[in-house]
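Student: Take a look at my_file.cif, mmCIF, C-alpha atoms:
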data_target
loop_
_atom_site.label_atom_id
_atom_site.label_comp_id
_atom_site.auth_asym_id
_atom_site.auth_seq_id
_atom_site.Cartn_x
_atom_site.Cartn_y
_atom_site.Cartn_z
CA MET A 1 200.61 -22.70 -2.24
CA THR A 2 200.10 -19.08 -1.31
CA ALA A 3 202.70 -16.35 -1.11
CA GLY A 4 202.22 -16.23 2.62
CA GLU A 5 203.22 -19.87 2.97
CA ILE A 6 206.68 -19.00 1.70
CA GLY A 7 206.73 -15.44 2.91
CA VAL A 8 209.96 -13.52 2.71
CA ALA A 9 211.77 -12.98 5.99
CA ASP A 10 213.28 -9.66 6.96
CA PRO A 11 216.48 -9.16 4.90
CA ASP A 12 219.74 -9.85 6.66
CA PRO A 13 222.06 -6.89 7.14
CA ASP A 14 224.48 -6.28 4.32
CA PRO A 15 227.62 -8.16 5.42
CA GLY A 16 229.90 -5.88 3.44
CA PRO A 17 232.64 -6.87 1.03
CA GLY A 18 235.20 -9.31 2.31
CA SER A 19 233.39 -9.98 5.58
CA GLY A 20 233.03 -13.69 4.86
CA SER A 21 236.48 -14.49 3.65
CA GLY A 22 237.06 -18.18 4.08
CA SER A 23 233.36 -18.79 4.71
CA GLY A 24 231.63 -21.85 3.42
CA PRO A 25 229.13 -24.48 4.43
CA GLY A 26 228.10 -24.21 8.05
CA VAL A 27 228.55 -20.45 8.27
CA GLY A 28 226.99 -19.27 5.03
CA THR A 29 228.76 -16.92 2.66
CA PRO A 30 228.77 -13.13 2.40
CA HIS A 31 225.90 -13.46 -0.09
CA ILE A 32 223.95 -16.61 0.86
CA ALA A 33 222.58 -17.40 4.33
CA ALA A 34 221.54 -20.99 3.63
CA ALA A 35 222.74 -23.84 5.83
CA PRO A 36 224.45 -26.98 4.49
CA GLY A 37 221.94 -29.12 2.64
CA ASP A 38 219.50 -26.26 2.10
CA PHE A 39 220.08 -26.20 -1.66
CA ALA A 40 219.22 -29.11 -3.93
CA PRO A 41 221.84 -30.28 -6.46
CA LEU A 42 219.58 -28.92 -9.24
CA VAL A 43 218.97 -25.17 -9.40
CA LEU A 44 216.86 -22.87 -11.56
CA MET A 45 218.37 -19.37 -11.68
CA PRO A 46 216.32 -16.36 -12.81
CA GLY A 47 217.78 -12.90 -12.51
CA ASP A 48 214.87 -11.24 -10.72
CA PRO A 49 214.16 -12.16 -7.06
CA ARG A 50 210.43 -11.73 -7.71
CA ARG A 51 210.68 -14.24 -10.53
CA ALA A 52 212.44 -16.65 -8.17
CA ARG A 53 209.56 -16.27 -5.73
CA ARG A 54 207.01 -16.85 -8.49
CA ILE A 55 208.78 -20.04 -9.56
CA ALA A 56 208.75 -21.24 -5.95
CA GLU A 57 205.05 -20.44 -5.57
CA THR A 58 203.82 -21.88 -8.87
CA PHE A 59 206.34 -24.48 -9.99
CA LEU A 60 207.93 -26.14 -6.95
CA SER A 61 206.10 -28.21 -4.36
CA ASP A 62 206.56 -27.54 -0.63
CA ALA A 63 208.97 -24.69 -1.31
CA ARG A 64 210.65 -23.03 1.64
CA LEU A 65 212.75 -19.89 1.79
CA VAL A 66 216.42 -20.73 2.43
CA THR A 67 218.13 -17.36 1.87
CA ASP A 68 217.22 -13.72 1.41
CA VAL A 69 220.52 -11.90 1.94
CA ARG A 70 220.54 -8.53 0.13
CA GLY A 71 217.00 -9.24 -1.06
CA VAL A 72 218.18 -12.08 -3.33
CA LEU A 73 215.67 -14.86 -2.72
CA GLY A 74 216.37 -18.58 -2.75
CA TYR A 75 213.91 -21.44 -2.19
CA THR A 76 214.10 -25.22 -2.12
CA GLY A 77 211.25 -27.63 -2.79
CA THR A 78 210.61 -30.52 -5.13
CA HIS A 79 209.60 -30.90 -8.76
CA ARG A 80 208.20 -34.21 -10.01
CA GLY A 81 209.33 -35.67 -6.70
CA GLU A 82 212.96 -34.59 -7.08
CA PRO A 83 214.60 -31.90 -4.90
CA MET A 84 215.04 -28.66 -6.82
CA SER A 85 215.97 -25.13 -5.82
CA VAL A 86 215.58 -21.68 -7.30
CA LEU A 87 217.90 -18.75 -6.57
CA ALA A 88 217.95 -15.30 -8.13
CA SER A 89 221.25 -14.17 -9.62
CA GLY A 90 220.84 -10.43 -9.89
CA MET A 91 222.00 -8.66 -13.04
CA GLY A 92 225.26 -8.97 -14.92
CA ILE A 93 228.31 -11.22 -15.03
CA PRO A 94 229.78 -10.20 -11.64
CA SER A 95 226.55 -10.98 -9.80
CA VAL A 96 225.77 -14.30 -11.49
CA SER A 97 229.41 -15.34 -11.10
CA ILE A 98 229.25 -14.84 -7.34
CA TYR A 99 226.05 -16.83 -6.82
CA ALA A 100 226.92 -19.64 -9.22
CA THR A 101 230.43 -20.03 -7.78
CA GLU A 102 229.15 -20.18 -4.19
CA LEU A 103 226.44 -22.71 -5.08
CA PHE A 104 228.92 -25.00 -6.85
CA ARG A 105 231.75 -24.55 -4.36
CA TYR A 106 229.98 -24.47 -0.99
CA TYR A 107 226.55 -26.05 -1.41
CA GLY A 108 227.14 -29.14 -3.52
CA VAL A 109 225.08 -27.89 -6.47
CA ARG A 110 225.74 -29.87 -9.64
CA ARG A 111 223.62 -28.13 -12.25
CA ILE A 112 222.34 -24.59 -12.73
CA VAL A 113 220.03 -23.51 -15.53
CA ARG A 114 219.51 -19.79 -15.98
CA VAL A 115 215.92 -18.90 -16.86
CA GLY A 116 216.09 -15.25 -17.83
CA THR A 117 215.18 -12.74 -20.48
CA ALA A 118 217.05 -11.57 -23.56
CA GLY A 119 216.72 -9.16 -26.44
CA ALA A 120 216.07 -10.95 -29.75
CA LEU A 121 218.46 -10.04 -32.55
CA PRO A 122 217.38 -11.58 -35.91
CA LEU A 123 213.83 -11.27 -37.20
CA SER A 124 213.57 -15.06 -37.12
CA VAL A 125 213.36 -14.84 -33.32
CA ALA A 126 210.13 -13.25 -32.09
CA VAL A 127 209.27 -11.70 -28.75
CA ARG A 128 208.14 -14.50 -26.36
CA ASP A 129 210.21 -17.11 -28.23
CA VAL A 130 212.63 -19.26 -26.22
CA VAL A 131 216.37 -19.21 -26.94
CA ILE A 132 218.60 -22.02 -25.66
CA ALA A 133 222.14 -20.64 -25.56
CA SER A 134 224.61 -23.07 -27.15
CA ALA A 135 227.43 -20.54 -26.64
CA ALA A 136 227.89 -17.11 -25.12
CA HIS A 137 230.05 -14.49 -26.81
CA THR A 138 230.95 -11.56 -24.58
CA ASP A 139 232.73 -8.20 -24.42
CA SER A 140 233.53 -8.90 -20.77
CA SER A 141 237.07 -9.47 -19.51
CA VAL A 142 235.89 -12.79 -18.03
CA SER A 143 237.00 -14.45 -21.29
CA ARG A 144 240.57 -13.24 -20.87
CA VAL A 145 241.39 -13.13 -17.15
CA LEU A 146 240.70 -16.74 -16.14
CA VAL A 147 243.54 -18.37 -18.10
CA ASP A 148 246.61 -16.25 -18.77
CA GLY A 149 247.15 -15.63 -22.46
CA VAL A 150 243.93 -17.34 -23.55
CA THR A 151 240.54 -15.98 -24.64
CA LEU A 152 238.12 -18.65 -23.47
CA SER A 153 235.01 -19.84 -25.27
CA HIS A 154 231.95 -19.98 -23.01
CA THR A 155 229.70 -22.95 -23.64
CA PRO A 156 227.11 -24.90 -21.66
CA SER A 157 227.19 -28.50 -20.53
CA TYR A 158 226.49 -30.62 -23.59
CA GLY A 159 224.29 -32.93 -21.55
CA LEU A 160 222.07 -30.09 -20.40
CA LEU A 161 222.00 -28.55 -23.88
CA ARG A 162 220.92 -31.81 -25.48
CA ALA A 163 218.40 -32.50 -22.72
CA ALA A 164 216.83 -29.05 -23.18
CA ALA A 165 216.63 -29.48 -26.95
CA ASP A 166 215.07 -32.93 -26.56
CA ALA A 167 212.64 -31.65 -23.91
CA ALA A 168 211.50 -28.80 -26.16
CA GLU A 169 210.89 -31.27 -28.98
CA HIS A 170 209.04 -33.79 -26.81
CA GLN A 171 206.91 -31.05 -25.26
CA GLY A 172 205.90 -29.86 -28.73
CA GLU A 173 207.46 -26.41 -28.33
CA ASP A 174 207.78 -24.85 -31.78
CA ALA A 175 209.02 -21.33 -30.99
CA VAL A 176 212.36 -22.51 -29.60
CA HIS A 177 215.74 -21.56 -31.09
CA ILE A 178 219.16 -23.01 -30.30
CA GLY A 179 222.28 -20.98 -30.96
CA PRO A 180 224.79 -18.48 -29.56
CA VAL A 181 223.91 -15.38 -27.56
CA PHE A 182 225.90 -12.26 -26.77
CA THR A 183 226.50 -11.54 -23.08
CA SER A 184 227.03 -7.80 -22.79
CA ASP A 185 228.47 -5.77 -19.94
CA HIS A 186 226.46 -2.76 -21.17
CA PHE A 187 222.65 -2.72 -20.90
CA TYR A 188 222.34 0.57 -22.81
CA LEU A 189 224.88 -0.37 -25.47
CA ASP A 190 224.31 1.64 -28.67
CA ARG A 191 226.51 -0.02 -31.28
CA PRO A 192 224.39 -0.99 -34.28
CA ALA A 193 227.42 -2.20 -36.25
CA LEU A 194 228.28 -4.62 -33.44
CA PHE A 195 224.80 -6.12 -33.46
CA ASP A 196 224.88 -6.38 -37.27
CA ALA A 197 228.18 -8.27 -37.13
CA LEU A 198 226.93 -10.58 -34.39
CA GLU A 199 223.73 -11.33 -36.30
CA ARG A 200 225.71 -12.19 -39.44
CA ARG A 201 227.57 -14.73 -37.32
CA GLY A 202 224.39 -16.43 -36.15
CA THR A 203 223.88 -14.74 -32.77
CA LEU A 204 220.26 -15.06 -31.67
CA ALA A 205 219.90 -12.74 -28.69
CA VAL A 206 221.63 -10.31 -26.33
CA GLU A 207 221.63 -10.71 -22.54
CA MET A 208 223.95 -10.12 -19.57
CA GLU A 209 224.64 -13.32 -17.61
CA ALA A 210 225.15 -16.52 -19.65
CA ALA A 211 228.91 -16.14 -20.23
CA GLY A 212 229.50 -15.56 -16.52
CA LEU A 213 227.43 -18.61 -15.57
CA TYR A 214 229.21 -20.81 -18.11
CA ALA A 215 232.61 -19.57 -16.93
CA ALA A 216 231.77 -20.27 -13.28
CA ALA A 217 230.55 -23.77 -14.09
CA ALA A 218 233.73 -24.54 -16.05
CA ALA A 219 235.92 -23.24 -13.21
CA GLU A 220 234.04 -25.17 -10.50
CA GLY A 221 233.42 -28.44 -12.34
CA GLY A 222 229.66 -27.91 -12.52
CA GLU A 223 227.14 -27.96 -15.33
CA ALA A 224 225.24 -24.94 -16.63
CA LEU A 225 222.84 -23.81 -19.33
CA ALA A 226 220.84 -20.69 -20.18
CA VAL A 227 217.23 -21.00 -21.40
CA LEU A 228 216.01 -17.51 -22.24
CA THR A 229 212.73 -15.84 -23.14
CA ALA A 230 212.90 -13.04 -25.71
CA SER A 231 211.39 -10.12 -23.81
CA ASP A 232 212.14 -7.47 -26.42
CA HIS A 233 213.46 -7.16 -29.96
CA LEU A 234 216.47 -5.08 -30.93
CA ARG A 235 215.24 -4.67 -34.51
CA THR A 236 211.48 -4.12 -34.19
CA GLU A 237 211.64 -2.47 -30.73
CA GLU A 238 208.69 -4.59 -29.59
CA ALA A 239 208.93 -5.22 -25.85
CA LEU A 240 207.06 -6.91 -23.04
CA SER A 241 205.91 -4.86 -20.06
CA ALA A 242 207.56 -5.30 -16.66
CA ALA A 243 204.57 -7.37 -15.51
CA GLU A 244 204.74 -9.57 -18.62
CA ARG A 245 208.46 -10.12 -18.05
CA GLU A 246 207.63 -11.68 -14.67
CA THR A 247 204.99 -14.06 -15.99
CA CYS A 248 205.87 -14.81 -19.63
CA PHE A 249 208.59 -17.36 -19.00
CA ASP A 250 206.70 -20.54 -18.10
CA ARG A 251 207.78 -22.39 -21.26
CA ALA A 252 211.44 -21.63 -20.55
CA VAL A 253 211.06 -22.87 -16.97
CA ARG A 254 209.44 -26.12 -18.13
CA ILE A 255 212.28 -26.73 -20.60
CA ALA A 256 214.92 -25.82 -18.01
CA ALA A 257 213.44 -28.13 -15.36
CA ALA A 258 213.21 -30.99 -17.84
CA ALA A 259 216.87 -30.48 -18.71
CA LEU A 260 217.85 -30.53 -15.03
CA LEU A 261 215.94 -33.79 -14.56
CA GLY A 262 217.01 -35.30 -17.89
CA ASP A 263 218.98 -38.26 -16.53
CA VAL A 264 217.38 -38.27 -13.07
CA LEU A 265 213.97 -39.62 -14.06
CA GLY A 266 215.17 -42.74 -15.80
CA GLY A 267 217.20 -41.02 -18.50
CA VAL A 268 214.31 -41.04 -20.99
CA LEU A 269 213.60 -37.48 -21.98
CA GLY A 270 210.44 -38.48 -23.75
CA ASP A 271 208.99 -39.24 -20.32
CA VAL A 272 209.97 -35.86 -18.89
CA ARG A 273 206.87 -33.92 -19.89
CA ILE A 274 206.31 -30.87 -17.74
CA PRO A 275 202.60 -29.99 -17.77
CA PRO A 276 201.52 -26.37 -18.33
#
The structure in this file should be written as structure tokens.

Tutor:
Amino acid sequence: MTAGEIGVADPDPDPGPGSGSGSGPGVGTPHIAAAPGDFAPLVLMPGDPRRARRIAETFLSDARLVTDVRGVLGYTGTHRGEPMSVLASGMGIPSVSIYATELFRYYGVRRIVRVGTAGALPLSVAVRDVVIASAAHTDSSVSRVLVDGVTLSHTPSYGLLRAAADAAEHQGEDAVHIGPVFTSDHFYLDRPALFDALERRGTLAVEMEAAGLYAAAAAEGGEALAVLTASDHLRTEEALSAAERETCFDRAVRIAAAALLGDVLGGVLGDVRIPP
């Protein structure tokens, strides 16, 4: 499949905040132009629209563009014969919360797996390693505003978490770590003591979306997981280039797709081997 076969249409005009109040299937949303049925129940969610397009071009079969509002690209095709979509989330908790909520609420999506990048925290996690987020700590208010008087814990669907762990094992992936991540509201956060404290408590990486995705899934009755590629290291300062960030996530995508399909293809994860 070539890029031209799923070429990006001209972006829709910015609808402006609040312009789609009450919108839903049949009329789109302020942020998604797809029609009812355009999204599969299973969705891969990178942050970068270009990464979404790359997944559609190289990973899905017969992918077609279903939305490009605000330059955020979404495609639907098939993977191993099962319908699967990919939609970019943008950066940060507010953005991922919008897209995940609208997919769950208006488009019948059941499962979303974030396939993004993160900054590795302990030396045991190397750049290019995969981190499967079993929990997401955060400094965002999302933990406190959803239920009055309660600070929520943000965790993935256990079924997806187990399926991803089993898929990584069956695929022979050795540089995969499972544990909590820290979802930060601040990309340029300079608080070494905070990172030290998080590392002492077993935190594996720092990113900006997992807690928002997990919160949206819990609120909407969906399932979610984050499978992340370590694109830089907070301790060693090693980092991938922008080009490498776009292409160095194939292992995470294979694990994420296998988790999405875990009980679809017969429920035997040993059979869900995603070829390179």

Student: Specify as an MDAnalysis selection string each residue included when the PyMOL selection byres ((chain A and resi 40-45) around 6) is applied to this file.

Tutor: chainID A and resid 39 46 83:88 109:115

Student: Could the residues in this selection be saved with C-alpha atoms as a tab-separated table (two decimals), keeping the file's coordinate frame?

Tutor:
chain	number	residue	atom	x	y	z
A	39	PHE	CA	220.08	-26.20	-1.66
A	46	PRO	CA	216.32	-16.36	-12.81
A	83	PRO	CA	214.60	-31.90	-4.90
A	84	MET	CA	215.04	-28.66	-6.82
A	85	SER	CA	215.97	-25.13	-5.82
A	86	VAL	CA	215.58	-21.68	-7.30
A	87	LEU	CA	217.90	-18.75	-6.57
A	88	ALA	CA	217.95	-15.30	-8.13
A	109	VAL	CA	225.08	-27.89	-6.47
A	110	ARG	CA	225.74	-29.87	-9.64
A	111	ARG	CA	223.62	-28.13	-12.25
A	112	ILE	CA	222.34	-24.59	-12.73
A	113	VAL	CA	220.03	-23.51	-15.53
A	114	ARG	CA	219.51	-19.79	-15.98
A	115	VAL	CA	215.92	-18.90	-16.86

Student: Using all atoms listed in the file, which of A:Leu198, A:Val125, A:Ala34, A:Ala219 sits nearest His154 of chain A?

Tutor: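 So, comparing all the options, the nearest one is A:Ala219.
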
Student: I need the residue nearest Ser89 of chain A from this list: A:Ala193, A:Val145, A:Met208, A:Ala56. Use only C-alpha atoms for the distance.

Tutor: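 Answer, going by the shortest atom-to-atom distance: A:Met208.
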
Student: Nearest to Asp68 of chain A: which of A:Ile32, A:Ala252, A:Pro94, A:Gly47 is it, counting all atoms listed in the file?

Tutor: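 The closest residue to Asp68 of chain A is A:Ile32.
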
Student: List as a list in words the residues having at least one atom at most 10 Å from position (232.3, -24.6, -7.2) as given in the file, counting all atoms listed in the file.

Tutor: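 Those residues, ordered by chain and then number, are Tyr99, Ala100, Thr101, Glu102, Leu103, Phe104, Arg105, Tyr106, Tyr107, Gly108, Val109, Arg110, Ala216, Ala217, Ala218, Ala219, Glu220, Gly221 and Gly222 of chain A.
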
Student: Using atom CA of Ala136 of chain A and atom CA of Cys248 of chain A as the two end points, give the distance in Å to one decimal.

Tutor: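 These two atoms are separated by 22.8 Å.
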
Student: Applying 7 Å and only C-alpha atoms, which residues near Thr155 of chain A remain after dropping the ones on its own chain fewer than 2 positions away? List them as a PyMOL selection string.

Tutor: chain A and resi 134-136+153+157+214

Student: Step by step, work through what the PyMOL selection byres ((chain A and resi 230) around 7) selects in the shown file, and finish by giving those residues as a ChimeraX atom specification.

Tutor: /A:117-120,126-130,228-229,231-232

Student: Residues picked by the PyMOL selection byres ((chain A and resi 250) around 10) here, as a PyMOL selection string?

Tutor: chain A and resi 55+58-59+115+229+246-249+251-256+276

Student: So what do you get for atom CA of Gly74 of chain A versus atom CA of Ala164 of chain A, distance-wise?

Tutor: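 That distance, rounded to one decimal, is 23.0 Å.
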
Student: One number please: atom CA of Arg50 of chain A to atom CA of Gly71 of chain A, in Å, one decimal.

Tutor: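 Interatomic distance here is 9.7 Å.
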
Student: I need the residue nearest Ala257 of chain A from this list: A:Leu121, A:Ala133, A:Leu160, A:Leu213. Use all atoms listed in the file for the distance.

Tutor: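 Under the stated criterion, the closest residue is A:Leu160.
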
Student: From the list A:Ser124, A:Thr76, A:Ser97, A:Ser140, which residue is nearest Ala35 of chain A when using all atoms listed in the file?

Tutor: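 Among the listed residues, A:Thr76 lies closest to Ala35 of chain A.
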
Student: Here is a test: counting all atoms listed in the file, which residue of A:His137, A:Gly172, A:His79, A:Gly179 is nearest to Leu260 of chain A?

Tutor: A:His79
